[in-house]
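Undergrad: Data: upload_14.txt, compact mmCIF, C-alpha atoms.
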# COMPACT_ATOMS: atom_id res chain seq x y z
CA MET J 1 140.50 104.17 184.98
CA LEU J 2 137.24 105.87 184.03
CA ILE J 3 136.85 103.96 180.75
CA GLN J 4 136.85 100.68 182.67
CA VAL J 5 133.96 101.86 184.86
CA ILE J 6 131.95 103.06 181.84
CA LEU J 7 132.47 99.81 179.92
CA ILE J 8 131.54 97.63 182.89
CA LEU J 9 128.35 99.68 183.39
CA ALA J 10 127.52 99.25 179.70
CA VAL J 11 127.94 95.47 180.00
CA VAL J 12 125.61 95.41 183.01
CA VAL J 13 122.93 97.43 181.19
CA VAL J 14 123.05 95.18 178.09
CA THR J 15 122.84 92.10 180.31
CA VAL J 16 119.74 93.34 182.09
CA MET J 17 118.06 94.24 178.78
CA LEU J 18 118.79 90.85 177.20
CA THR J 19 117.52 88.78 180.13
CA ARG J 20 114.11 90.41 179.96
CA SER J 21 112.99 88.75 176.69
CA THR J 22 111.17 85.43 176.68
CA ALA J 23 111.37 82.33 174.50
CA ASN J 24 111.12 78.58 174.99
CA ALA J 25 112.88 77.13 178.02
CA ARG J 26 115.92 75.45 176.46
CA HIS J 27 116.65 78.37 174.13
CA GLN J 28 116.35 80.76 177.00
CA ALA J 29 118.68 78.69 179.19
CA ILE J 30 121.34 78.49 176.48
CA ARG J 31 121.09 82.20 175.83
CA ARG J 32 121.48 82.97 179.54
CA LEU J 33 124.55 80.72 179.87
CA LEU J 34 126.15 82.39 176.84
CA LEU J 35 125.31 85.72 178.34
CA ALA J 36 126.94 84.83 181.64
CA GLY J 37 130.06 83.76 179.78
CA PHE J 38 129.99 87.01 177.84
CA VAL J 39 129.72 89.06 181.02
CA VAL J 40 132.68 87.33 182.65
CA ALA J 41 134.80 87.63 179.48
CA ALA J 42 133.86 91.27 179.00
CA VAL J 43 134.61 92.26 182.58
CA LEU J 44 137.93 90.38 182.54
CA ALA J 45 138.87 92.02 179.24
CA ILE J 46 138.11 95.43 180.69
CA ILE J 47 140.00 94.94 183.93
CA PHE J 48 142.98 93.19 182.33
CA PRO J 49 143.31 94.77 178.86
CA ASP J 50 146.63 92.99 178.32
CA ALA J 51 144.99 89.59 178.79
CA LEU J 52 143.01 90.13 175.56
CA SER J 53 146.23 90.81 173.69
CA VAL J 54 147.85 87.72 175.15
CA LEU J 55 144.87 85.66 174.02
CA ALA J 56 145.01 87.27 170.58
CA ASN J 57 148.68 86.47 170.20
CA ALA J 58 148.02 82.90 171.28
CA VAL J 59 145.59 82.38 168.36
CA GLY J 60 147.79 84.24 165.88
CA VAL J 61 146.11 87.66 165.87
CA GLY J 62 148.26 90.75 166.29
CA ARG J 63 146.29 92.84 168.77
CA GLY J 64 143.48 92.27 171.27
CA THR J 65 141.40 94.93 169.51
CA ASP J 66 141.57 92.97 166.26
CA LEU J 67 140.40 89.83 168.03
CA LEU J 68 137.49 91.82 169.41
CA LEU J 69 136.61 93.04 165.91
CA TYR J 70 136.58 89.49 164.51
CA ALA J 71 134.37 88.32 167.35
CA LEU J 72 132.07 91.26 166.67
CA VAL J 73 131.75 90.37 162.98
CA ILE J 74 130.80 86.80 163.85
CA ALA J 75 128.29 87.99 166.44
CA PHE J 76 126.78 90.43 163.93
CA VAL J 77 126.39 87.83 161.17
CA SER J 78 124.79 85.33 163.55
CA TYR J 79 122.45 88.06 164.73
CA ILE J 80 121.38 88.71 161.13
CA ALA J 81 120.80 85.00 160.63
CA THR J 82 118.64 84.58 163.73
CA SER J 83 116.63 87.72 163.10
CA HIS J 84 116.08 86.65 159.49
CA ARG J 85 114.77 83.30 160.70
CA ARG J 86 112.59 84.95 163.29
CA SER J 87 111.06 87.33 160.76
CA ASN J 88 110.37 84.41 158.41
CA GLN J 89 108.55 82.58 161.18
CA LEU J 90 106.58 85.70 161.92
CA SER J 91 105.50 86.26 158.32
CA ARG J 92 104.52 82.58 158.09
CA LYS J 93 102.24 83.12 161.06
CA ILE J 94 100.73 86.22 159.48
CA THR J 95 100.09 84.29 156.26
CA LEU J 96 98.31 81.46 158.08
CA LEU J 97 96.31 83.92 160.14
CA THR J 98 95.23 85.93 157.11
CA ARG J 99 94.30 82.76 155.25
CA GLU J 100 92.22 81.43 158.15
CA LEU J 101 90.47 84.79 158.37
CA SER J 102 89.55 84.88 154.69
CA LEU J 103 88.40 81.24 154.66
CA ALA J 104 86.30 81.87 157.78
CA GLU J 105 84.83 84.97 156.14
CA ALA J 106 83.91 82.92 153.06
CA ARG J 107 82.24 80.27 155.24
CA LEU J 108 80.26 82.94 157.08
CA SER J 109 79.05 84.62 153.90
CA ALA J 110 78.01 81.23 152.50
CA VAL J 111 75.87 80.71 155.62
CA ASP J 112 74.47 84.24 155.25
CA GLU J 113 73.51 83.58 151.66
CA SER J 114 71.71 80.33 152.43
CA VAL J 115 69.84 82.04 155.29
CA ASP J 116 68.82 84.84 152.90
CA ARG J 117 67.61 82.31 150.37
CA LEU J 118 65.68 80.41 153.05
CA GLU J 119 64.02 83.59 154.25
CA GLU J 120 63.10 84.53 150.70
CA THR J 121 61.48 81.20 149.96
CA THR J 122 59.61 81.06 153.28
CA SER J 123 58.30 84.61 152.87
CA ALA J 124 57.28 83.82 149.31
CA GLU J 125 55.44 80.75 150.54
CA ALA J 126 53.77 82.80 153.29
CA ARG J 127 52.59 85.34 150.72
CA ALA J 128 51.28 82.56 148.52
CA THR J 129 49.21 81.07 151.35
CA GLU J 130 47.91 84.49 152.46
CA LYS J 131 46.07 85.22 149.22
CA PRO J 132 44.82 81.96 147.80
CA MET S 1 89.97 91.77 125.71
CA GLY S 2 86.45 90.77 124.67
CA ALA S 3 83.63 93.07 123.75
CA MET S 4 82.50 95.70 126.21
CA HIS S 5 79.76 94.64 128.54
CA PRO S 6 76.92 96.83 129.74
CA PRO S 7 77.59 98.37 133.14
CA GLN S 8 76.60 96.10 135.98
CA THR S 9 74.73 97.19 139.03
CA ARG S 10 76.90 97.03 142.12
CA GLY S 11 76.32 94.43 144.77
CA HIS S 12 74.53 91.20 144.04
CA ALA S 13 74.41 91.55 140.30
CA PRO S 14 73.74 88.14 138.86
CA ALA S 15 76.30 88.06 136.10
CA ARG S 16 74.88 84.87 134.66
CA ALA S 17 73.50 86.98 131.85
CA PRO S 18 71.72 85.18 129.07
CA GLU S 19 74.39 83.89 126.74
CA THR S 20 73.86 84.12 123.05
CA ALA S 21 74.02 80.83 121.21
CA ALA S 22 77.55 81.58 120.03
CA ALA S 23 80.26 78.93 120.08
CA VAL S 24 80.28 78.66 123.88
CA PRO S 25 81.32 75.16 124.96
CA ALA S 26 79.11 73.36 127.45
CA PRO S 27 79.69 74.64 130.97
CA ILE S 28 82.04 72.55 133.10
CA HIS S 29 80.31 72.14 136.44
CA ASP S 30 82.90 70.00 138.23
CA ALA S 31 85.77 72.47 137.92
CA TRP S 32 86.69 75.56 139.91
CA LEU S 33 88.70 78.41 138.46
CA VAL S 34 91.13 79.78 141.08
CA ILE S 35 92.28 83.33 140.33
CA PRO S 36 94.75 85.21 142.56
CA LEU S 37 93.81 88.86 142.34
CA TYR S 38 95.84 91.95 143.14
CA ASN S 39 95.02 95.41 141.81
CA GLU S 40 93.50 94.20 138.55
CA GLY S 41 90.25 96.14 138.83
CA SER S 42 90.44 97.33 135.23
CA VAL S 43 90.51 93.84 133.71
CA ILE S 44 89.21 91.31 136.25
CA GLY S 45 85.56 92.01 135.41
CA ASP S 46 86.08 91.09 131.77
CA VAL S 47 88.22 88.07 132.65
CA VAL S 48 85.51 86.67 134.95
CA ARG S 49 82.66 87.44 132.53
CA ASP S 50 84.66 85.82 129.76
CA ALA S 51 85.17 82.59 131.71
CA LEU S 52 81.86 82.33 133.57
CA PRO S 53 79.78 80.77 130.76
CA THR S 54 82.29 77.92 130.58
CA PHE S 55 83.39 77.76 134.20
CA PRO S 56 80.36 78.57 136.38
CA HIS S 57 82.47 78.20 139.55
CA ILE S 58 85.11 80.90 139.93
CA VAL S 59 86.89 81.93 143.11
CA CYS S 60 89.03 85.07 143.14
CA VAL S 61 91.38 85.61 146.08
CA ASP S 62 91.92 89.31 146.52
CA ASP S 63 95.37 89.83 148.00
CA GLY S 64 94.67 93.13 149.74
CA SER S 65 94.09 95.19 146.59
CA SER S 66 93.87 98.94 147.00
CA ASP S 67 91.63 99.41 143.95
CA ASP S 68 88.08 98.19 143.21
CA SER S 69 89.16 94.63 142.26
CA ILE S 70 86.85 93.06 144.85
CA GLU S 71 83.75 94.92 143.64
CA GLN S 72 84.55 94.25 139.98
CA ALA S 73 85.09 90.52 140.52
CA ARG S 74 82.01 90.17 142.71
CA ALA S 75 79.81 92.13 140.28
CA ALA S 76 81.02 89.90 137.46
CA GLY S 77 79.79 86.87 139.39
CA ALA S 78 82.83 85.33 141.06
CA VAL S 79 83.12 84.19 144.66
CA VAL S 80 85.63 86.60 146.20
CA LEU S 81 87.87 85.82 149.17
CA ARG S 82 89.80 88.64 150.75
CA HIS S 83 93.23 88.79 152.33
CA ALA S 84 93.26 91.49 154.98
CA VAL S 85 96.87 92.33 154.16
CA ASN S 86 98.90 91.86 151.00
CA LEU S 87 100.87 88.60 151.21
CA GLY S 88 101.87 87.78 147.65
CA GLN S 89 100.60 85.76 144.72
CA GLY S 90 101.68 82.40 146.12
CA ALA S 91 99.76 82.97 149.35
CA ALA S 92 96.64 84.03 147.44
CA LEU S 93 96.86 80.96 145.23
CA GLN S 94 97.20 78.68 148.26
CA THR S 95 94.15 80.27 149.91
CA GLY S 96 92.15 79.82 146.71
CA ILE S 97 93.21 76.18 146.40
CA GLU S 98 92.30 75.49 150.03
CA TYR S 99 88.88 77.06 149.48
CA ALA S 100 88.15 75.35 146.17
CA ARG S 101 89.25 71.86 147.17
CA GLU S 102 86.71 71.92 150.02
CA GLN S 103 83.85 72.56 147.59
CA PRO S 104 81.79 69.43 146.91
CA SER S 105 81.55 70.33 143.21
CA ALA S 106 85.32 70.58 142.74
CA THR S 107 86.75 67.58 140.94
CA TYR S 108 89.22 69.79 139.07
CA LEU S 109 90.91 73.04 140.07
CA VAL S 110 92.19 75.37 137.38
CA THR S 111 94.71 78.04 138.39
CA PHE S 112 94.23 81.07 136.18
CA ASP S 113 95.77 84.55 135.98
CA ALA S 114 93.74 87.66 136.68
CA ASP S 115 95.30 89.84 134.00
CA GLY S 116 93.75 88.25 130.91
CA GLN S 117 96.93 86.49 129.71
CA HIS S 118 95.26 83.08 129.63
CA GLN S 119 92.68 81.70 127.23
CA VAL S 120 89.53 80.04 128.53
CA SER S 121 89.67 77.65 125.56
CA ASP S 122 93.10 76.44 126.70
CA ALA S 123 91.74 75.79 130.19
CA VAL S 124 88.84 73.79 128.74
CA ALA S 125 91.22 71.72 126.62
CA MET S 126 93.38 71.03 129.68
CA VAL S 127 90.43 69.86 131.80
CA GLU S 128 89.33 67.61 128.92
CA LEU S 129 92.88 66.25 128.67
CA ALA S 130 92.98 65.51 132.41
CA ARG S 131 89.64 63.74 132.10
CA SER S 132 90.33 61.72 128.97
CA GLU S 133 93.87 60.67 129.90
CA ASP S 134 92.96 60.27 133.58
CA VAL S 135 95.90 62.33 134.84
CA ALA S 136 95.91 64.35 138.07
CA ILE S 137 97.95 67.31 136.87
CA VAL S 138 98.08 69.22 133.60
CA PHE S 139 100.71 71.95 133.29
CA GLY S 140 100.24 74.66 130.72
CA SER S 141 103.25 75.33 128.54
CA ARG S 142 103.77 78.25 126.19
CA PHE S 143 106.68 76.57 124.43
CA LEU S 144 104.86 73.54 123.03
CA ASP S 145 103.58 75.45 120.02
CA GLU S 146 104.37 78.69 118.26
CA ARG S 147 101.42 80.81 119.39
CA THR S 148 103.16 82.62 122.25
CA LYS S 149 105.78 85.19 121.36
CA PRO S 150 107.82 86.37 124.35
CA GLY S 151 110.64 88.84 123.85
CA LEU S 152 114.24 87.65 123.76
CA ILE S 153 115.14 88.53 127.36
CA LYS S 154 111.88 87.07 128.67
CA ARG S 155 112.59 83.89 126.68
CA ILE S 156 116.06 83.56 128.21
CA VAL S 157 114.76 84.13 131.75
CA LEU S 158 111.94 81.63 131.26
CA ARG S 159 114.34 79.04 129.87
CA ALA S 160 116.60 79.51 132.89
CA ALA S 161 113.57 79.06 135.19
CA VAL S 162 112.66 75.85 133.34
CA TRP S 163 116.21 74.56 133.72
CA PHE S 164 116.25 75.36 137.44
CA THR S 165 112.84 73.80 138.08
CA ASN S 166 113.69 70.63 136.15
CA ALA S 167 117.01 70.32 137.95
CA THR S 168 115.42 70.61 141.38
CA THR S 169 112.17 68.67 140.85
CA GLY S 170 113.20 65.87 138.50
CA LEU S 171 110.29 66.59 136.14
CA LYS S 172 110.93 67.32 132.48
CA LEU S 173 108.79 70.38 131.86
CA SER S 174 109.09 72.69 128.89
CA ASP S 175 107.71 75.70 130.79
CA ALA S 176 107.97 76.35 134.53
CA HIS S 177 106.43 79.65 135.47
CA ASN S 178 103.10 79.24 133.74
CA GLY S 179 100.10 80.17 135.85
CA LEU S 180 97.66 77.98 133.93
CA ARG S 181 97.45 74.53 135.54
CA VAL S 182 94.76 71.92 136.09
CA LEU S 183 94.83 70.00 139.36
CA ARG S 184 92.55 67.11 140.17
CA ARG S 185 91.35 67.18 143.77
CA ASP S 186 93.95 64.62 144.91
CA ALA S 187 96.71 66.74 143.38
CA ALA S 188 95.29 69.89 144.97
CA LEU S 189 95.43 68.20 148.35
CA ALA S 190 99.18 67.67 147.87
CA VAL S 191 99.78 71.41 147.51
CA ASP S 192 100.88 73.30 150.61
CA MET S 193 102.88 76.28 149.41
CA LYS S 194 104.97 78.19 151.92
CA GLN S 195 106.49 80.61 149.43
CA ASP S 196 104.21 83.61 149.63
CA ARG S 197 105.71 85.48 146.73
CA MET S 198 106.70 84.59 143.18
CA ALA S 199 108.88 81.61 144.10
CA HIS S 200 105.69 79.59 144.61
CA ALA S 201 105.71 78.75 140.88
CA SER S 202 108.72 76.48 141.41
CA GLU S 203 107.47 75.28 144.78
CA ILE S 204 104.11 74.06 143.46
CA VAL S 205 105.85 72.08 140.71
CA ASP S 206 108.15 70.60 143.34
CA GLN S 207 105.28 69.53 145.60
CA LEU S 208 103.27 68.10 142.70
CA ALA S 209 106.33 66.17 141.54
CA LYS S 210 106.79 64.73 145.05
CA SER S 211 103.14 63.59 145.07
CA GLY S 212 104.05 61.14 142.30
CA LEU S 213 100.70 61.66 140.57
CA PRO S 214 100.48 61.30 136.79
CA TRP S 215 100.89 64.51 134.82
CA ARG S 216 100.90 65.93 131.30
CA GLU S 217 101.79 69.17 129.63
CA ALA S 218 99.40 70.99 127.33
CA PRO S 219 100.12 73.81 124.89
CA VAL S 220 98.71 77.17 125.94
CA HIS S 221 98.77 80.60 124.40
CA VAL S 222 99.96 83.33 126.77
CA LEU S 223 98.77 86.65 125.45
CA TYR S 224 101.31 89.41 126.08
CA THR S 225 99.13 92.48 125.94
CA ASP S 226 100.54 95.95 126.56
CA TYR S 227 98.73 95.78 129.87
CA SER S 228 100.34 92.54 131.02
CA ARG S 229 103.73 93.68 129.72
CA GLY S 230 103.42 96.79 131.83
CA LYS S 231 102.49 94.81 134.92
CA GLY S 232 104.16 91.45 134.34
CA GLN S 233 106.99 90.33 136.55
CA SER S 234 110.15 92.03 135.49
CA VAL S 235 113.39 90.26 134.78
CA TRP S 236 114.71 91.61 138.09
CA ASN S 237 112.09 89.53 139.79
CA SER S 238 113.84 86.34 138.72
CA VAL S 239 116.78 87.34 140.92
CA ASN S 240 114.40 87.68 143.87
CA ILE S 241 112.79 84.33 143.10
CA LEU S 242 116.16 82.60 143.06
CA VAL S 243 117.13 84.15 146.41
CA ASP S 244 113.75 83.21 147.91
CA LEU S 245 114.26 79.61 146.84
CA ILE S 246 117.79 79.33 148.18
CA PHE S 247 117.32 81.17 151.50
CA LYS S 248 114.00 79.61 152.49
Let me see the structure of the file written as structure tokens.
TA:
Amino acid sequence: MLIQVILILAVVVVTVMLTRSTANARHQAIRRLLLAGFVVAAVLAIIFPDALSVLANAVGVGRGTDLLLYALVIAFVSYIATSHRRSNQLSRKITLLTRELSLAEARLSAVDESVDRLEETTSAEARATEKP
Amino acid sequence: MGAMHPPQTRGHAPARAPETAAAVPAPIHDAWLVIPLYNEGSVIGDVVRDALPTFPHIVCVDDGSSDDSIEQARAAGAVVLRHAVNLGQGAALQTGIEYAREQPSATYLVTFDADGQHQVSDAVAMVELARSEDVAIVFGSRFLDERTKPGLIKRIVLRAAVWFTNATTGLKLSDAHNGLRVLRRDAALAVDMKQDRMAHASEIVDQLAKSGLPWREAPVHVLYTDYSRGKGQSVWNSVNILVDLIFK
């Protein structure tokens, strides 16, 4: 069936896109294992549509499509959770970076000021010695 | 606000103008005023000039203002730090605390609002209290006397905030979200706020409580001007604060 070909292609494309991101080693390994499991499950579900329904019935869900929907909801919520955490980590980094920048700027301008003051006093002294 | 001041020249205007022999208390040289600053260009100049005779060390942390707050604060004579992007009041306060506690002259840090709600005389009394009672932390409270008059809804929201803060920190405060606090250097070193936005007010109390340092409350007068009412955090904000605290 044509739909089976299209869906399998879609699974392949998503797989390739997901494997291209980087993270720390253990996280990445776990994500790749989950992904492999997902690929196998997805391909099996496409080739044997009835198998999904059998599985659904086994866990007390009426149709395979419903089981798919529940799985989708869980996947979506966990995606929101991880992306929320990631964006929190990112804004924490931005905060620390901005703070370091402003503290460094303050330190620099303090040095500038003391240099200015030093130059002023030395030039004043020079003028004083020039015309006794 | 105080009397109008003559226009200052931009740039390095020394704002330490000769003070008349009015009832100005002796300057407190071992304290730093920490003022988070965001789009308060119309009032920050007066706030700094008002406080400078008493607190010669003032640091304003500009949180990416889009108006002339930086110029106004600098012209009035404060040290001004600058956040390149807007992060929130909590982040600005943390930057100011980190700057001030590194200063050799800072025995006490006073957190102060930029919008003119707080009284310099209250800050002086709080530093004196910290000194005489030898406590590390003095929290300002607007509910210890009858000077402050918040509206009914504001009163309810503030009471709820007090209840929440006391329940989570184990302190018994009468006012939670009051921006006027005195921190001795050891208390300031215990502060490491990660809440960038308004929820920092509960977080700082929490961290100070965990430090186990001695503390007091002192009555302060929070002046609700039309200006601060227009700008002040709305009641809606309390919902955001609660969510920020729960979903860290």
Undergrad: At most 9 Å from (104.4, 78.9, 123.8), file frame, only C-alpha atoms: which residues, as a list in words?
TA: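 Residues lying no farther than 9 Å from the given point: Ser141, Arg142, Phe143, Leu144, Asp145, Glu146, Arg147, Thr148, Lys149, Pro150, Asp175, Pro219, Val220, His221 and Val222 of chain S.
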Undergrad: For a test of reading the model, state the distance in Å between CA of Met1 in chain J and CA of Ile47 in chain J, rounded to one decimal.
TA: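 Taking CA of Met1 in chain J as the start and CA of Ile47 in chain J as the end point, the length is 9.3 Å.
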Undergrad: So that each row is one residue of range 50-111 of chain J with an atom at most 10 Å from range 195-211 of chain S, can you give its shortest atom pair and the distance in Å to one decimal, using all atoms listed in the file, rows by chain and rising number, as CSV?
TA:
residue,atom,partner,partner_atom,distance
J:Ser91,CA,S:Asp196,CA,9.2
J:Arg92,CA,S:Asp196,CA,8.5
J:Thr95,CA,S:Asp196,CA,7.8
Undergrad: Counting all atoms listed in the file, collect the residues of chain J whose closest atom lies at most 8 Å from chain S, and write them out as a PDB file with C-alpha atoms, in the frame of the given file.
TA:
ATOM      1  CA  ARG J  92     104.520  82.580 158.090  1.00  0.00           C
ATOM      2  CA  THR J  95     100.090  84.290 156.260  1.00  0.00           C
ATOM      3  CA  THR J  98      95.230  85.930 157.110  1.00  0.00           C
ATOM      4  CA  ARG J  99      94.300  82.760 155.250  1.00  0.00           C
ATOM      5  CA  LEU J 101      90.470  84.790 158.370  1.00  0.00           C
ATOM      6  CA  SER J 102      89.550  84.880 154.690  1.00  0.00           C
ATOM      7  CA  LEU J 103      88.400  81.240 154.660  1.00  0.00           C
ATOM      8  CA  GLU J 105      84.830  84.970 156.140  1.00  0.00           C
ATOM      9  CA  ALA J 106      83.910  82.920 153.060  1.00  0.00           C
TER      10      ALA J 106
END
Undergrad: Report as number ranges by chain all protein, DNA and RNA residues lying within 10 Å of range 125-132 of chain S, evaluated on all atoms listed in the file, omitting residues in the same chain fewer than 6 positions from it.
TA: S: 28, 30-31, 108-110, 138-140, 180-184, 214-220
Undergrad: Once you have the residues from the selection above, write them out as a tab-separated table (two decimals), in the coordinates of the input, restricted to C-alpha atoms.
TA:
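And here is the file that came out, selection-v8.tsv:
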chain	number	residue	atom	x	y	z
S	28	ILE	CA	82.04	72.55	133.10
S	30	ASP	CA	82.90	70.00	138.23
S	31	ALA	CA	85.77	72.47	137.92
S	108	TYR	CA	89.22	69.79	139.07
S	109	LEU	CA	90.91	73.04	140.07
S	110	VAL	CA	92.19	75.37	137.38
S	138	VAL	CA	98.08	69.22	133.60
S	139	PHE	CA	100.71	71.95	133.29
S	140	GLY	CA	100.24	74.66	130.72
S	180	LEU	CA	97.66	77.98	133.93
S	181	ARG	CA	97.45	74.53	135.54
S	182	VAL	CA	94.76	71.92	136.09
S	183	LEU	CA	94.83	70.00	139.36
S	184	ARG	CA	92.55	67.11	140.17
S	214	PRO	CA	100.48	61.30	136.79
S	215	TRP	CA	100.89	64.51	134.82
S	216	ARG	CA	100.90	65.93	131.30
S	217	GLU	CA	101.79	69.17	129.63
S	218	ALA	CA	99.40	70.99	127.33
S	219	PRO	CA	100.12	73.81	124.89
S	220	VAL	CA	98.71	77.17	125.94
Undergrad: What is the CA of Asp66 in chain J to CA of Val54 in chain J distance in Å?
TA: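 These two atoms are separated by 12.1 Å.
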Undergrad: Using Å and a single decimal, report how far CA of Asn24 in chain J sits from CA of Asp192 in chain S.
TA: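 About the pair CA of Asp192 in chain S and CA of Asn24 in chain J: they are 27.0 Å apart.
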Undergrad: Do a neighbour search on range 38-54 of chain S at 7 Å with all atoms listed in the file, toss out local chain neighbours closer than 6 positions, and write the hits as a PyMOL selection string.
TA: chain S and resi 25-28+62-69+72-73+76+78+114-116+120
Undergrad: Residues at most 10 Å from Leu35 in chain J, counting only C-alpha atoms, excluding those fewer than 4 positions away in the same chain, as a list in words?
TA: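 Using only C-alpha atoms, the neighbours found are Val14, Thr15, Leu18, Thr19, Ala29, Ile30, Arg31, Val39, Val40 and Ala41 of chain J.
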Undergrad: Compare S:Arg101, S:Tyr224, S:Leu213, S:Asn240 by their minimum atom-to-atom distance to Gln119 in chain S, counting all atoms listed in the file, and give me the closest one.
TA: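 Closest to Gln119 in chain S of all the choices is S:Tyr224.
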Undergrad: Select, from J:Ser78, J:Ala10, J:Gln4, J:Asp116, the residue with the minimum atom-to-atom distance to Phe48 in chain J, counting all atoms listed in the file.
TA: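 Smallest separation from Phe48 in chain J among the options: J:Gln4.
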